Number of protein chains: 2
Amino acid sequence: LPHMAKLKADLEVKIEHLLTRNVEQVTVKNHLEAALRSGKKLRVKLGIDPTGDKIHIGRAVALWKLKEFQDLGHKIILIIGDFTAQIGDASDKLAKRPMLEKEQIKKNLKTYLPQIGKILNLKKTEVRYNSEWLGKLRFQDVLGLADLFTAQQMIERRNFSERWEKHEEISLREFLYPLMQGYDSVAIKADVELGGTDQLFNLMAGRKIQERFKQKPQDIMLTGMLSGTDGRKMSTSWGNVINIVDAPDEQFGKAMAIHDSEIVNYFRTATDLDDFSISKYELDLKNGKNPKDVKLALANALVTRYHGEKAADKAQAKWDSLFSKKEISTSDIPELKVSKGITAQDVVVKSGVTQSKGEAWRLVSQGGLRVNDQIVPDPKEKLDLAKGDVVKVGKKRFFRIG
Amino acid sequence: LPHMAKLKADLEVKIEHLLTRNVEQVTVKNHLEAALRSGKKLRVKLGIDPTGDKIHIGRAVALWKLKEFQDLGHKIILIIGDFTAQIGDASDKLAKRPMLEKEQIKKNLKTYLPQIGKILNLKKTEVRYNSEWLGKLRFQDVLGLADLFTAQQMIERRNFSERWEKHEEISLREFLYPLMQGYDSVAIKADVELGGTDQLFNLMAGRKIQERFKQKPQDIMLTGMLSGTDGRKMSTSWGNVINIVDAPDEQFGKAMAIHDSEIVNYFRTATDLDDFSISKYELDLKNGKNPKDVKLALANALVTRYHGEKAADKAQAKWDSLFSKKEISTSDIPELKVSKGITAQDVVVKSGVTQSKGEAWRLVSQGGLRVNDQIVPDPKEKLDLAKGDVVKVGKKRFFRIG
């Protein structure tokens, strides 16, 4: 009996964590809480884009939340939006079915699913393609779905209303997207759907459409958003992302470069550190502790999440050896993009420290170029620089390979 | 050769008439004009609702215009919107196919097509149901069509923008209607489509969608609109219509009741009178001629169009016998709606001349009630009143059965 009580208390803690950590909103919270306690195996849905991109830690927030559901014995259903992706820019695809793209999508998934597998147990996960049901819908079905929404509701949606006010074109096709995502919930009989806060409308659409089909409306859980390393929205196209498959050194370096204002949110959203420890760091910062020192703990926790403690400690040690005794603010290290096989001389020119090729030659010859603290003395040497490598030019200029 | 020249001149007159009389707009006019002269057999489209309603003379405007095309040897294609009608209020029809309604539509057409046959030669007319092609479209096709339009274009449409400003709900389904109508043009390879001025957007959508499918965009012809007998929009639900199957007397009486301001437009839009004669009547009115007298010519011409000259003259003679010597303005005759088999006494009460049943009894008994100028002396007599019958109560009060 005491054993049972402990198990029950454990469950309560896990449910509490599931419902609160990195969670912006749950609809309907009481309902989901009761369902989680009921012992019922819930069907938990997440829609993902079948791109070949690397998954960044912002998009991983929902995956970690799914893992919590999975660890509690619930069924995870990943919806691969192959139908949506096939349509994509539909402007030149009407009538001819873009079957070729289907191959591309499958190819993309080969690089994509293994990344998800770093977080979820894929063997226990149901992976479904939404072309399975959306491809069968006919015009009359679309009309029935469309009739559940008004034009006004669509335009009041934040991302549409902003574009509306800026007089930017909104394709009528875009209005049909929430219908697809919503119908996915019907097809797989979702009990819960996860998404970022920008997905509120689509997830609510799912509830509406499920009710239309006499299903109980899914509960929806909106996970917190993570800003990019530069403070803007995290987006692969802006190059301000940390990817879950980035090497430990690279993750560490990128984490050290985030804006100070983002530290606490990164702790909560991108690490497994407990709330109590995070609060302590938050207090440290308020009491004037050097953010650089707190960031070391953050970077360590982040790398631990994806590569384990050992790798994290190793990355930290390397970082320390490079920077700890230098009077530089690590968050100010600018990124440097170079092509593969660039010469040592050209790296110096590319860095902008000098624009003269002759001067760059002299600087390298005199031992003024270091890569990861190792001198590169030959200006003609072809370098194989990797992301996260630290380049030092002259006495004071540091760059991080991006 | 002179014979040929005459034929050619005839054709020119007919083309000129086709392109101008009751025509508000033609896009692209030069193109259509050249096509009409080319000798090519054009495919001319009109979409009609498969309701069981009587066709009123306002909706007939486009049918008369089609007849002009047909008389010149072009192919008329009537699109029966059975797909649209099946969807109708889609709110409770998703997933279950409303096959029963298809039967209802066919039933409706049995009363509808014969009415159209009073104007067009149905043997030479192609009648198509748009479920034939719209029923086959899939979600991906709809997305492709939707992508040709922006949300802004939809809302700028007059009938939507008015509702938008009044904060009236617009179902997203309604945004998809122009896509259907437009795709109809692709399916039947329309060269020309006709519609009322309120159809401009839908007809332009047809052009856009045809271009998407590598077809030459149809020319569009917008026909003039006819106001109802009360000056508002002509609409069956407002009871201000003249139907093409109404009996001569009824048509005549309704025409006599139209607002004076509508006389000239009725001449142009609802009769076959030539433009020269119409101009003469217009001048008469400007010079102060009693509108009642001009309306007699209008009513005669209107009845002639649908029932022939003889019937028109007969209706006019009856009208004269009833009203010509009376000092009443025919346009002021109020309408009276009564149920079948109403007693003479109750007609008087219903007319509002008196609310006392006893007084109504006395009035009828003393010969104070006439139907079509015939005294009805028995208060208990059950009357079988028809639309257009004229009821006189007491010495001065006239009513028209509606």
# chains A, B, ... in the order shown; residues from 1 in each chain; ligands from 1
call {"tool": "interface_residues", "arguments": {"of": "chain B", "to": "chain A", "cutoff": "8 Å", "atoms": "only C-alpha atoms", "output": "PyMOL selection string"}}
result
chain B and resi 87+90-91+93-95+134-152+169-174+176
call {"tool": "residues_around", "arguments": {"residues": "stretch 225-232 of chain A", "least_positions_apart": "6", "cutoff": "8 Å", "atoms": "only C-alpha atoms", "output": "PyMOL selection string"}}
result
chain A and resi 57-58+61+196-197+240-242+254-255+257-259+262+265-266+269-270
call {"tool": "write_last_selection", "arguments": {"atoms": "N, CA, C and O atoms", "output": "PDB file, in the first residue's frame"}}
result
ATOM      1  N   ILE A  57      15.982  23.206 -31.745  1.00  0.00           N
ATOM      2  CA  ILE A  57      15.509  22.950 -30.382  1.00  0.00           C
ATOM      3  C   ILE A  57      14.188  23.640 -30.077  1.00  0.00           C
ATOM      4  O   ILE A  57      13.483  23.255 -29.145  1.00  0.00           O
ATOM      5  N   GLY A  58      13.839  24.660 -30.894  1.00  0.00           N
ATOM      6  CA  GLY A  58      12.538  25.302 -30.715  1.00  0.00           C
ATOM      7  C   GLY A  58      11.418  24.360 -31.124  1.00  0.00           C
ATOM      8  O   GLY A  58      10.426  24.200 -30.405  1.00  0.00           O
ATOM      9  N   VAL A  61      10.574  21.435 -28.712  1.00  0.00           N
ATOM     10  CA  VAL A  61       9.851  21.622 -27.455  1.00  0.00           C
ATOM     11  C   VAL A  61       8.619  20.715 -27.407  1.00  0.00           C
ATOM     12  O   VAL A  61       8.370  20.024 -26.415  1.00  0.00           O
ATOM     13  N   GLY A 196       2.654  24.856 -31.253  1.00  0.00           N
ATOM     14  CA  GLY A 196       3.144  26.111 -30.708  1.00  0.00           C
ATOM     15  C   GLY A 196       1.995  27.095 -30.549  1.00  0.00           C
ATOM     16  O   GLY A 196       0.894  26.847 -31.038  1.00  0.00           O
ATOM     17  N   THR A 197       2.262  28.203 -29.871  1.00  0.00           N
ATOM     18  CA  THR A 197       1.176  29.164 -29.644  1.00  0.00           C
ATOM     19  C   THR A 197       0.632  29.719 -30.949  1.00  0.00           C
ATOM     20  O   THR A 197      -0.529  30.117 -31.020  1.00  0.00           O
ATOM     21  N   ASN A 240      19.528  31.429 -36.977  1.00  0.00           N
ATOM     22  CA  ASN A 240      19.669  31.706 -35.541  1.00  0.00           C
ATOM     23  C   ASN A 240      19.192  30.525 -34.703  1.00  0.00           C
ATOM     24  O   ASN A 240      18.636  30.684 -33.633  1.00  0.00           O
ATOM     25  N   VAL A 241      19.422  29.333 -35.264  1.00  0.00           N
ATOM     26  CA  VAL A 241      18.892  28.135 -34.616  1.00  0.00           C
ATOM     27  C   VAL A 241      20.002  27.303 -33.980  1.00  0.00           C
ATOM     28  O   VAL A 241      21.166  27.380 -34.365  1.00  0.00           O
ATOM     29  N   ILE A 242      19.609  26.513 -32.981  1.00  0.00           N
ATOM     30  CA  ILE A 242      20.460  25.434 -32.482  1.00  0.00           C
ATOM     31  C   ILE A 242      19.744  24.150 -32.867  1.00  0.00           C
ATOM     32  O   ILE A 242      18.565  23.971 -32.526  1.00  0.00           O
ATOM     33  N   LYS A 254      26.842  28.048 -29.456  1.00  0.00           N
ATOM     34  CA  LYS A 254      25.638  28.808 -29.792  1.00  0.00           C
ATOM     35  C   LYS A 254      24.868  29.218 -28.541  1.00  0.00           C
ATOM     36  O   LYS A 254      24.334  30.323 -28.453  1.00  0.00           O
ATOM     37  N   ALA A 255      24.796  28.308 -27.581  1.00  0.00           N
ATOM     38  CA  ALA A 255      24.077  28.618 -26.342  1.00  0.00           C
ATOM     39  C   ALA A 255      24.767  29.756 -25.594  1.00  0.00           C
ATOM     40  O   ALA A 255      24.111  30.606 -24.993  1.00  0.00           O
ATOM     41  N   ALA A 257      26.112  32.176 -26.896  1.00  0.00           N
ATOM     42  CA  ALA A 257      25.943  33.425 -27.637  1.00  0.00           C
ATOM     43  C   ALA A 257      24.534  34.012 -27.544  1.00  0.00           C
ATOM     44  O   ALA A 257      24.257  35.055 -28.111  1.00  0.00           O
ATOM     45  N   ILE A 258      23.633  33.335 -26.809  1.00  0.00           N
ATOM     46  CA  ILE A 258      22.255  33.871 -26.777  1.00  0.00           C
ATOM     47  C   ILE A 258      22.198  35.168 -25.976  1.00  0.00           C
ATOM     48  O   ILE A 258      23.078  35.458 -25.156  1.00  0.00           O
ATOM     49  N   HIS A 259      21.168  35.939 -26.260  1.00  0.00           N
ATOM     50  CA  HIS A 259      20.973  37.189 -25.522  1.00  0.00           C
ATOM     51  C   HIS A 259      20.721  36.889 -24.045  1.00  0.00           C
ATOM     52  O   HIS A 259      20.046  35.922 -23.716  1.00  0.00           O
ATOM     53  N   GLU A 262      17.296  36.049 -22.718  1.00  0.00           N
ATOM     54  CA  GLU A 262      16.669  34.771 -23.074  1.00  0.00           C
ATOM     55  C   GLU A 262      17.076  33.625 -22.156  1.00  0.00           C
ATOM     56  O   GLU A 262      16.567  32.508 -22.273  1.00  0.00           O
ATOM     57  N   ASN A 265      14.328  31.673 -20.134  1.00  0.00           N
ATOM     58  CA  ASN A 265      13.418  30.941 -21.008  1.00  0.00           C
ATOM     59  C   ASN A 265      14.113  29.743 -21.649  1.00  0.00           C
ATOM     60  O   ASN A 265      13.492  28.680 -21.825  1.00  0.00           O
ATOM     61  N   TYR A 266      15.369  29.894 -21.989  1.00  0.00           N
ATOM     62  CA  TYR A 266      16.121  28.756 -22.547  1.00  0.00           C
ATOM     63  C   TYR A 266      16.255  27.629 -21.530  1.00  0.00           C
ATOM     64  O   TYR A 266      16.117  26.456 -21.867  1.00  0.00           O
ATOM     65  N   THR A 269      12.838  25.952 -21.417  1.00  0.00           N
ATOM     66  CA  THR A 269      12.293  25.379 -22.648  1.00  0.00           C
ATOM     67  C   THR A 269      13.249  24.423 -23.329  1.00  0.00           C
ATOM     68  O   THR A 269      12.835  23.511 -24.031  1.00  0.00           O
ATOM     69  N   ALA A 270      14.537  24.632 -23.105  1.00  0.00           N
ATOM     70  CA  ALA A 270      15.508  23.858 -23.883  1.00  0.00           C
ATOM     71  C   ALA A 270      16.367  22.921 -23.031  1.00  0.00           C
ATOM     72  O   ALA A 270      17.281  22.291 -23.545  1.00  0.00           O
TER      73      ALA A 270
END
call {"tool": "select_by_dssp", "arguments": {"residues": "stretch 198-263 of chain B", "states": "strand (DSSP E)", "output": "MDAnalysis selection string"}}
result
chainID B and resid 219:223
call {"tool": "atom_distance", "arguments": {"atom1": "atom CA of B:Leu11", "atom2": "atom CA of B:Ile278"}}
result
22.4 Å
call {"tool": "atom_distance", "arguments": {"atom1": "atom CA of A:Gly39", "atom2": "atom CA of A:Lys123"}}
result
21.5 Å
call {"tool": "closest_residue", "arguments": {"among": "B:Ala34, B:Ala190, B:Val364, B:Ile15", "to": "B:Val349", "atoms": "only C-alpha atoms"}}
result
B:Val364
call {"tool": "closest_residue", "arguments": {"among": "B:Phe69, B:Phe252, B:Phe267, B:Trp64", "to": "B:Gln316", "atoms": "only C-alpha atoms"}}
result
B:Phe252
call {"tool": "select_by_dssp", "arguments": {"residues": "stretch 88-216 of chain B", "states": "helix (DSSP H, G or I)", "output": "PyMOL selection string"}}
result
chain B and resi 90-92+99-116+122-124+131-134+139-146+151-156+158-165+172-188+197-212
